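This is run_7.tsv. It holds TSV, C-alpha atoms.
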chain	number	residue	atom	x	y	z
A	9	MET	CA	32.73	-18.07	14.55
A	10	SER	CA	31.12	-15.53	16.78
A	11	ALA	CA	30.59	-12.97	14.02
A	12	THR	CA	28.47	-15.46	12.12
A	13	ALA	CA	26.48	-16.34	15.22
A	14	GLU	CA	25.92	-12.67	15.93
A	15	GLN	CA	24.79	-12.09	12.39
A	16	HIS	CA	22.48	-15.03	12.60
A	17	ARG	CA	20.84	-13.74	15.75
A	18	HIS	CA	20.01	-10.47	14.04
A	19	SER	CA	19.05	-12.11	10.81
A	20	GLU	CA	15.64	-10.34	10.86
A	21	VAL	CA	17.39	-7.08	10.03
A	22	PRO	CA	18.85	-7.58	6.59
A	23	ASN	CA	22.37	-6.46	5.81
A	24	PHE	CA	22.21	-4.26	2.77
A	25	THR	CA	25.31	-3.05	0.98
A	26	PRO	CA	25.78	0.73	0.70
A	27	VAL	CA	24.79	0.56	-2.98
A	28	GLU	CA	21.63	-1.42	-2.18
A	29	ARG	CA	20.78	1.11	0.51
A	30	ALA	CA	21.25	4.00	-1.87
A	31	ILE	CA	19.05	2.31	-4.49
A	32	ILE	CA	16.27	1.38	-2.08
A	33	ASN	CA	16.20	4.78	-0.42
A	34	ARG	CA	16.35	6.69	-3.69
A	35	LEU	CA	13.74	4.65	-5.53
A	36	GLN	CA	11.20	4.91	-2.74
A	37	THR	CA	10.88	8.59	-3.59
A	38	GLY	CA	9.80	7.70	-7.11
A	39	LEU	CA	11.13	7.16	-10.59
A	40	PRO	CA	11.30	10.05	-13.07
A	41	LEU	CA	8.91	9.73	-15.99
A	42	THR	CA	11.56	9.84	-18.72
A	43	ARG	CA	12.43	7.53	-21.60
A	44	THR	CA	15.47	6.23	-19.72
A	45	PRO	CA	14.47	6.38	-16.04
A	46	TYR	CA	16.97	3.74	-14.87
A	47	LYS	CA	19.89	5.51	-16.52
A	48	ASP	CA	18.83	8.82	-14.98
A	49	VAL	CA	18.55	7.40	-11.46
A	50	ALA	CA	21.78	5.41	-11.84
A	51	GLU	CA	23.61	8.63	-12.74
A	52	GLU	CA	22.16	10.31	-9.66
A	53	ILE	CA	23.37	7.51	-7.41
A	54	GLY	CA	26.71	7.30	-9.21
A	55	ILE	CA	26.49	3.77	-10.61
A	56	THR	CA	25.93	2.40	-14.10
A	57	GLU	CA	22.49	1.67	-15.50
A	58	GLN	CA	23.49	-1.97	-15.84
A	59	ASP	CA	24.43	-2.07	-12.14
A	60	LEU	CA	21.11	-0.57	-11.11
A	61	LEU	CA	19.10	-3.01	-13.22
A	62	GLY	CA	21.21	-5.91	-11.93
A	63	HIS	CA	20.61	-4.91	-8.30
A	64	LEU	CA	16.87	-4.46	-8.88
A	65	LYS	CA	16.63	-7.90	-10.47
A	66	ALA	CA	18.53	-9.44	-7.55
A	67	LEU	CA	16.34	-7.68	-4.95
A	68	LEU	CA	13.26	-8.99	-6.74
A	69	ALA	CA	14.72	-12.48	-6.95
A	70	ASN	CA	15.62	-12.67	-3.25
A	71	GLY	CA	12.20	-11.42	-2.18
A	72	THR	CA	13.17	-8.00	-0.81
A	73	LEU	CA	10.97	-6.43	-3.45
A	74	THR	CA	7.77	-8.05	-4.61
A	75	ARG	CA	7.45	-5.88	-7.62
A	76	PHE	CA	8.87	-2.77	-9.08
A	77	GLY	CA	6.80	-0.11	-10.75
A	78	PRO	CA	3.56	1.75	-10.36
A	79	MET	CA	1.41	1.17	-7.34
A	80	PHE	CA	-2.23	1.53	-8.28
A	81	HIS	CA	-4.58	3.27	-5.92
A	82	ALA	CA	-7.12	0.53	-5.43
A	83	GLY	CA	-9.84	2.87	-4.19
A	84	GLU	CA	-9.64	4.99	-7.34
A	85	MET	CA	-10.06	2.07	-9.70
A	86	GLY	CA	-13.79	1.78	-9.44
A	87	GLY	CA	-13.83	-1.24	-7.19
A	88	GLY	CA	-14.76	-1.54	-3.54
A	89	LEU	CA	-12.22	-1.25	-0.77
A	90	THR	CA	-12.69	-1.27	2.95
A	91	LEU	CA	-11.12	-2.07	6.28
A	92	ALA	CA	-13.10	-4.49	8.42
A	93	ALA	CA	-12.71	-5.85	11.92
A	94	MET	CA	-14.09	-8.75	13.92
A	95	ARG	CA	-14.11	-9.84	17.54
A	96	ILE	CA	-13.19	-13.52	17.64
A	97	PRO	CA	-12.96	-15.61	20.83
A	98	GLU	CA	-9.44	-16.92	21.36
A	99	HIS	CA	-10.40	-20.58	21.08
A	100	ASP	CA	-12.05	-19.94	17.74
A	101	PHE	CA	-9.41	-17.74	16.19
A	102	GLU	CA	-7.70	-20.30	13.96
A	103	ARG	CA	-10.98	-21.61	12.56
A	104	VAL	CA	-12.36	-18.16	11.74
A	105	THR	CA	-9.04	-17.04	10.24
A	106	GLU	CA	-9.16	-19.97	7.89
A	107	GLN	CA	-12.76	-19.20	6.95
A	108	VAL	CA	-12.11	-15.50	6.35
A	109	ASN	CA	-8.92	-16.04	4.36
A	110	ARG	CA	-10.76	-18.36	2.04
A	111	PHE	CA	-12.51	-15.32	0.54
A	112	ASP	CA	-10.71	-14.01	-2.55
A	113	GLU	CA	-11.84	-10.53	-1.57
A	114	VAL	CA	-9.67	-10.55	1.57
A	115	ALA	CA	-6.38	-8.84	0.74
A	116	HIS	CA	-4.63	-8.53	4.11
A	117	ASN	CA	-5.55	-10.08	7.39
A	118	TYR	CA	-3.83	-9.08	10.60
A	119	ARG	CA	-4.28	-10.25	14.13
A	120	ARG	CA	-4.16	-7.22	16.42
A	121	GLU	CA	-3.99	-6.83	20.16
A	122	HIS	CA	-7.42	-5.52	20.97
A	123	GLU	CA	-10.90	-6.76	21.77
A	124	LEU	CA	-11.48	-6.41	18.02
A	125	ASN	CA	-8.67	-8.81	17.20
A	126	MET	CA	-9.04	-9.58	13.52
A	127	TRP	CA	-8.48	-6.80	10.95
A	128	PHE	CA	-8.65	-7.32	7.24
A	129	VAL	CA	-8.89	-5.37	4.00
A	130	LEU	CA	-11.61	-6.25	1.53
A	131	ALA	CA	-11.13	-5.46	-2.15
A	132	THR	CA	-14.00	-6.14	-4.53
A	133	GLU	CA	-14.61	-5.56	-8.22
A	134	THR	CA	-17.56	-3.25	-7.59
A	135	PRO	CA	-18.36	-0.99	-4.62
A	136	GLU	CA	-21.68	-2.82	-4.11
A	137	ALA	CA	-19.93	-6.15	-3.61
A	138	ILE	CA	-18.52	-5.03	-0.24
A	139	ALA	CA	-21.84	-5.37	1.60
A	140	ASP	CA	-22.48	-8.74	0.01
A	141	THR	CA	-19.02	-10.04	0.92
A	142	ILE	CA	-19.47	-8.84	4.50
A	143	SER	CA	-22.77	-10.64	4.91
A	144	ARG	CA	-21.30	-13.83	3.45
A	145	ILE	CA	-18.44	-13.62	5.97
A	146	GLU	CA	-20.92	-13.01	8.79
A	147	ASP	CA	-23.05	-15.96	7.69
A	148	LEU	CA	-20.10	-18.31	7.43
A	149	THR	CA	-18.37	-17.33	10.68
A	150	GLY	CA	-21.40	-16.45	12.78
A	151	SER	CA	-19.71	-13.25	14.00
A	152	PRO	CA	-20.48	-9.62	13.15
A	153	VAL	CA	-18.14	-7.70	10.87
A	154	TYR	CA	-17.42	-4.05	11.64
A	155	ASN	CA	-17.14	-2.21	8.35
A	156	MET	CA	-14.89	0.86	8.44
A	157	PRO	CA	-14.51	2.30	4.93
A	158	LYS	CA	-12.25	5.25	4.32
A	159	GLU	CA	-14.04	8.59	4.69
A	160	GLN	CA	-11.05	10.82	4.12
A	161	GLU	CA	-7.46	10.05	3.20
A	162	PHE	CA	-4.63	12.22	4.45
A	163	HIS	CA	-1.62	12.27	2.20
A	164	VAL	CA	1.58	10.72	3.56
A	165	HIS	CA	5.06	10.54	2.08
A	166	LEU	CA	5.62	6.84	2.32
A	167	HIS	CA	9.26	6.18	2.97
A	168	PHE	CA	11.07	3.42	4.80
A	169	PRO	CA	14.63	4.66	5.20
A	170	ILE	CA	17.23	1.93	5.62
B	15	MET	CA	-11.70	3.28	-16.78
B	16	ASN	CA	-10.86	6.92	-17.24
B	17	LEU	CA	-9.58	7.78	-20.68
B	18	PRO	CA	-7.37	10.79	-21.17
B	19	ALA	CA	-9.33	13.95	-21.92
B	20	THR	CA	-7.65	14.27	-25.33
B	21	ARG	CA	-9.49	11.13	-26.42
B	22	GLN	CA	-12.69	13.11	-26.86
B	23	ASP	CA	-13.78	15.17	-29.86
B	24	GLN	CA	-11.34	13.76	-32.35
B	25	ASN	CA	-11.66	12.13	-35.70
B	26	TYR	CA	-10.51	8.62	-34.89
B	27	LEU	CA	-10.48	7.41	-38.46
B	28	PHE	CA	-7.50	9.51	-39.43
B	29	ASP	CA	-6.13	10.34	-36.02
B	30	THR	CA	-3.21	8.02	-35.41
B	31	GLN	CA	-2.38	9.82	-32.17
B	32	SER	CA	-5.46	8.79	-30.24
B	33	ILE	CA	-4.94	6.11	-27.63
B	34	SER	CA	-7.03	2.99	-27.99
B	35	ALA	CA	-9.05	1.94	-24.98
B	36	TRP	CA	-7.93	-1.65	-25.43
B	37	GLY	CA	-4.33	-0.50	-25.55
B	38	LEU	CA	-4.85	1.29	-22.24
B	39	LEU	CA	-6.43	-1.77	-20.69
B	40	ARG	CA	-3.52	-3.92	-21.85
B	41	LEU	CA	-1.15	-1.30	-20.49
B	42	ARG	CA	-2.77	-1.38	-17.09
B	43	GLU	CA	-2.52	-5.15	-17.00
B	44	GLN	CA	1.13	-4.98	-17.96
B	45	LEU	CA	1.86	-2.34	-15.33
B	46	GLU	CA	0.34	-4.45	-12.60
B	47	ASN	CA	3.21	-6.84	-13.12
B	48	GLY	CA	5.62	-3.98	-12.66
B	49	LEU	CA	7.73	-1.74	-14.83
B	50	PRO	CA	9.99	-3.76	-17.15
B	51	LEU	CA	13.61	-3.79	-16.02
B	52	ALA	CA	14.94	-2.71	-19.38
B	53	PRO	CA	16.77	0.45	-20.46
B	54	ARG	CA	13.65	1.78	-22.25
B	55	PRO	CA	10.84	0.40	-20.06
B	56	TYR	CA	8.11	2.47	-21.71
B	57	LEU	CA	9.21	1.34	-25.15
B	58	THR	CA	9.02	-2.28	-23.96
B	59	LEU	CA	5.50	-1.63	-22.70
B	60	ALA	CA	4.61	0.04	-26.00
B	61	GLU	CA	5.70	-3.05	-27.91
B	62	ARG	CA	3.58	-5.24	-25.64
B	63	THR	CA	0.43	-3.13	-25.82
B	64	GLY	CA	0.35	-1.75	-29.36
B	65	LEU	CA	0.73	1.83	-28.13
B	66	THR	CA	3.62	4.16	-28.83
B	67	GLU	CA	6.28	4.92	-26.21
B	68	GLN	CA	4.94	8.47	-26.07
B	69	GLN	CA	1.38	7.23	-25.50
B	70	VAL	CA	2.50	4.91	-22.73
B	71	MET	CA	4.29	7.74	-20.95
B	72	GLN	CA	1.32	10.04	-21.47
B	73	ALA	CA	-1.05	7.46	-19.98
B	74	VAL	CA	1.20	6.87	-16.96
B	75	SER	CA	1.48	10.61	-16.42
B	76	GLN	CA	-2.29	11.06	-16.57
B	77	TRP	CA	-2.91	8.16	-14.22
B	78	GLN	CA	-0.45	9.73	-11.80
B	79	GLN	CA	-2.23	13.08	-12.00
B	80	GLN	CA	-5.62	11.43	-11.54
B	81	GLY	CA	-4.35	9.65	-8.45
B	82	LEU	CA	-4.89	6.23	-9.97
B	83	ILE	CA	-1.18	5.51	-9.72
B	84	LYS	CA	-0.15	6.36	-6.20
B	85	ARG	CA	3.52	6.26	-6.92
B	86	LEU	CA	5.92	5.07	-9.51
B	87	GLY	CA	8.91	3.44	-7.94
B	88	LEU	CA	9.76	0.86	-5.37
B	89	VAL	CA	7.00	-1.18	-3.81
B	90	VAL	CA	8.73	-2.45	-0.70
B	91	LYS	CA	7.78	-5.16	1.71
B	92	HIS	CA	8.49	-3.25	4.88
B	93	ARG	CA	9.20	-6.48	6.77
B	94	THR	CA	12.04	-7.44	4.49
B	95	LEU	CA	13.57	-4.01	5.09
B	96	GLY	CA	13.64	-4.65	8.84
B	97	TYR	CA	10.41	-2.83	9.70
B	98	ARG	CA	8.80	-5.50	11.83
B	99	ALA	CA	6.60	-3.60	14.25
B	100	ASN	CA	3.30	-2.57	12.78
B	101	ALA	CA	0.97	-0.47	14.87
B	102	MET	CA	-2.42	0.99	14.10
B	103	ALA	CA	-2.89	4.06	16.27
B	104	VAL	CA	-6.46	5.29	16.51
B	105	TRP	CA	-7.96	8.43	18.01
B	106	ASN	CA	-11.44	9.56	18.94
B	107	VAL	CA	-11.21	13.07	17.55
B	108	PRO	CA	-14.09	15.60	17.63
B	109	ASP	CA	-15.46	15.60	14.07
B	110	ASP	CA	-14.63	19.25	13.46
B	111	ARG	CA	-10.96	18.59	14.20
B	112	VAL	CA	-10.42	15.42	12.16
B	113	SER	CA	-9.14	17.13	9.01
B	114	GLU	CA	-6.72	19.39	10.86
B	115	LEU	CA	-5.28	16.59	12.99
B	116	GLY	CA	-5.28	14.08	10.14
B	117	LYS	CA	-3.18	16.41	8.02
B	118	ALA	CA	-0.83	17.15	10.89
B	119	LEU	CA	-0.27	13.47	11.73
B	120	ALA	CA	0.09	12.47	8.07
B	121	ALA	CA	2.92	14.98	7.74
B	122	SER	CA	5.00	13.09	10.30
B	123	PRO	CA	7.62	10.86	8.66
B	124	VAL	CA	6.78	7.95	10.98
B	125	VAL	CA	3.13	7.80	9.84
B	126	THR	CA	2.77	5.54	6.80
B	127	LEU	CA	-1.02	5.74	6.29
B	128	CYS	CA	-3.62	8.10	7.72
B	129	TYR	CA	-7.38	7.90	7.26
B	130	GLN	CA	-10.64	9.11	8.70
B	131	ARG	CA	-13.01	6.17	9.15
B	132	PRO	CA	-16.45	5.85	10.78
B	133	ARG	CA	-16.89	5.11	14.47
B	134	ARG	CA	-18.84	1.94	15.26
B	135	LEU	CA	-20.47	2.78	18.56
B	136	PRO	CA	-20.61	1.53	21.22
B	137	ASP	CA	-17.75	-0.87	20.46
B	138	TRP	CA	-15.44	1.32	18.43
B	139	PRO	CA	-15.29	5.05	19.26
B	140	TYR	CA	-12.25	5.92	17.10
B	141	ASN	CA	-12.44	7.88	13.85
B	142	LEU	CA	-8.83	8.75	12.96
B	143	PHE	CA	-6.52	5.89	11.97
B	144	CYS	CA	-2.74	6.10	11.54
B	145	MET	CA	-0.39	3.29	10.64
B	146	ILE	CA	3.12	3.35	12.00
B	147	HIS	CA	5.64	0.84	10.71
B	148	GLY	CA	8.76	0.72	12.82
B	149	ILE	CA	11.88	-1.27	13.54
B	150	ASP	CA	10.62	-2.54	16.88
B	151	ARG	CA	7.82	-1.96	19.37
B	152	ASN	CA	9.76	0.16	21.79
B	153	ARG	CA	10.77	2.53	19.06
B	154	VAL	CA	7.22	2.74	17.72
B	155	GLN	CA	5.94	3.47	21.25
B	156	SER	CA	8.36	6.34	21.68
B	157	GLN	CA	7.59	7.69	18.20
B	158	LEU	CA	3.93	7.65	19.19
B	159	GLN	CA	4.57	9.41	22.47
B	160	LYS	CA	6.43	12.08	20.56
B	161	LEU	CA	3.50	12.48	18.14
B	162	VAL	CA	1.02	12.78	21.01
B	163	HIS	CA	3.20	15.35	22.72
B	164	GLU	CA	3.99	17.41	19.60
B	165	HIS	CA	0.39	17.64	18.51
B	166	ARG	CA	-1.02	18.00	22.04
B	167	LEU	CA	-3.21	14.94	21.77
B	168	GLU	CA	-2.93	14.02	25.46
B	169	ASP	CA	-6.63	14.61	26.11
B	170	ILE	CA	-7.85	12.75	23.05
B	171	PRO	CA	-8.76	9.11	23.77
B	172	HIS	CA	-6.62	6.78	21.73
B	173	ALA	CA	-5.60	3.17	21.39
B	174	VAL	CA	-2.62	1.42	19.83
B	175	LEU	CA	-3.22	-1.90	18.14
B	176	PHE	CA	-0.01	-3.76	17.40
B	177	SER	CA	-0.32	-6.59	14.98
B	178	ASN	CA	1.14	-9.81	16.24
B	179	LYS	CA	0.64	-11.79	13.11
B	180	ALA	CA	0.07	-11.18	9.43
B	181	TYR	CA	-2.05	-14.05	8.24
B	182	LEU	CA	-2.38	-13.00	4.69
B	183	GLN	CA	-0.73	-10.43	2.50
B	184	ARG	CA	-1.95	-10.57	-1.04
B	185	GLY	CA	-0.96	-7.72	-3.25
B	186	GLY	CA	-3.86	-5.76	-4.65
B	187	ARG	CA	-4.31	-6.97	-8.21
B	188	TYR	CA	-7.41	-5.67	-9.79
B	189	VAL	CA	-7.30	-6.44	-13.47
B	190	SER	CA	-5.25	-9.43	-14.42
B	191	ASP	CA	-6.33	-11.81	-11.68
B	192	ARG	CA	-10.04	-11.16	-11.84

Starting from the coordinates I provided, produce the structure as structure tokens.
Amino acid sequence: MSATAEQHRHSEVPNFTPVERAIINRLQTGLPLTRTPYKDVAEEIGITEQDLLGHLKALLANGTLTRFGPMFHAGEMGGGLTLAAMRIPEHDFERVTEQVNRFDEVAHNYRREHELNMWFVLATETPEAIADTISRIEDLTGSPVYNMPKEQEFHVHLHFPI
Amino acid sequence: MNLPATRQDQNYLFDTQSISAWGLLRLREQLENGLPLAPRPYLTLAERTGLTEQQVMQAVSQWQQQGLIKRLGLVVKHRTLGYRANAMAVWNVPDDRVSELGKALAASPVVTLCYQRPRRLPDWPYNLFCMIHGIDRNRVQSQLQKLVHEHRLEDIPHAVLFSNKAYLQRGGRYVSDR
């Protein structure tokens, strides 16, 4: 069946139903702070509250959503948060990745196409722990870490329309 | 942890309205797991934390105003929504123009994060960082070209760092896991 094959080839782009699209697009703009937020949003979209909750549970179960609810601003919570980069020789990349990811403080780690090719976010319980974590990473890997903490944040309206 | 301002200057002994600090801590832990998928989510949270529904909503509202809660709604994994290209665009902007340009770029719908960060000379001359999450690389490139053109950034040195692999994506969890 060619339709199936075609679908398979584009399987990276998920096929959402119109209702799923409406829910995902609407809920990215936020949930009203009311006693019955799901009912209020369901009415806006034109579905029942039960439908909305059912879809949200399914999207969580199939991994489209990791969690639903408030996103805490890590930097405002009193801990340390920074973006750090390293320059790792190609032949050593796997080894250093493994070493860096072993640190609980490493939240995201991306390989990027640049001379500085490893970029990760450090999140620590206290602001002071950032410097300590960085020197432990430098000691373990033998490479310098470029620390680039946020100096100013510009407000964005985060939205991924689908 | 920041307590609501109303917590101060009250007689706790007879004041049943004041919010207990432990209740707030429990609430924050609960919220890190997400908002309950129940018709009265704040009532569910109240039952789990020993607060009242009203107190839970008041705390959430204050945390939103304080900027502690960035947003209340969907936390999406952009990859599962089909946003697979992830570019960090960086500019070396004269210091006196960072705020102006940062605000302008952040206002663009294609920019998903925008920060000023320190240069690390001589290796890293860039001080303005924007993330762009897009459907594919070509589209991200043309969105970037449009940004550069619209904001007349042609003369400002910049670089685009696409990610070619996400090695680790742990959600930020700052109370319950530590």

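Of the residues under consideration (A:Pro157, A:His116, A:Glu136, A:Gly150), A:Gly150 shows the shortest atom-to-atom contact distance to Asp100 (chain A) when counting all atoms listed in the file.
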
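Across the structure, CA of Met79 (chain A) and CA of Thr37 (chain A) are spaced 12.6 Å apart.
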
*What is the distance between CA of Met102 (chain B) and CA of Ala121 (chain B), in Å to one decimal?*
16.3 Å

*Please report as a PyMOL selection string which residues of chain B come no farther than 8 Å from chain A, using all atoms listed in the file.*
chain B and resi 15+45-49+51-57+71+75+81-92+94-97+116-117+120-123+125-134+175-186+188

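Taking CA of Pro108 (chain B) and CA of Asp169 (chain B) as the two end points, the separation is 11.3 Å.
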
Could you give me the axis-aligned bounding box of region 49-63 of chain B, with 5 Å of padding per side, as centre plus edge lengths in Å to one decimal, as JSON?
{"center_x": 8.6, "center_y": -1.4, "center_z": -21.4, "size_x": 26.3, "size_y": 17.7, "size_z": 23.1}

_Pick from B:Ile33, B:Val162, B:Ala99, B:Val104, whichever lies nearest to Ala73 (chain B) using only C-alpha atoms_ = B:Ile33
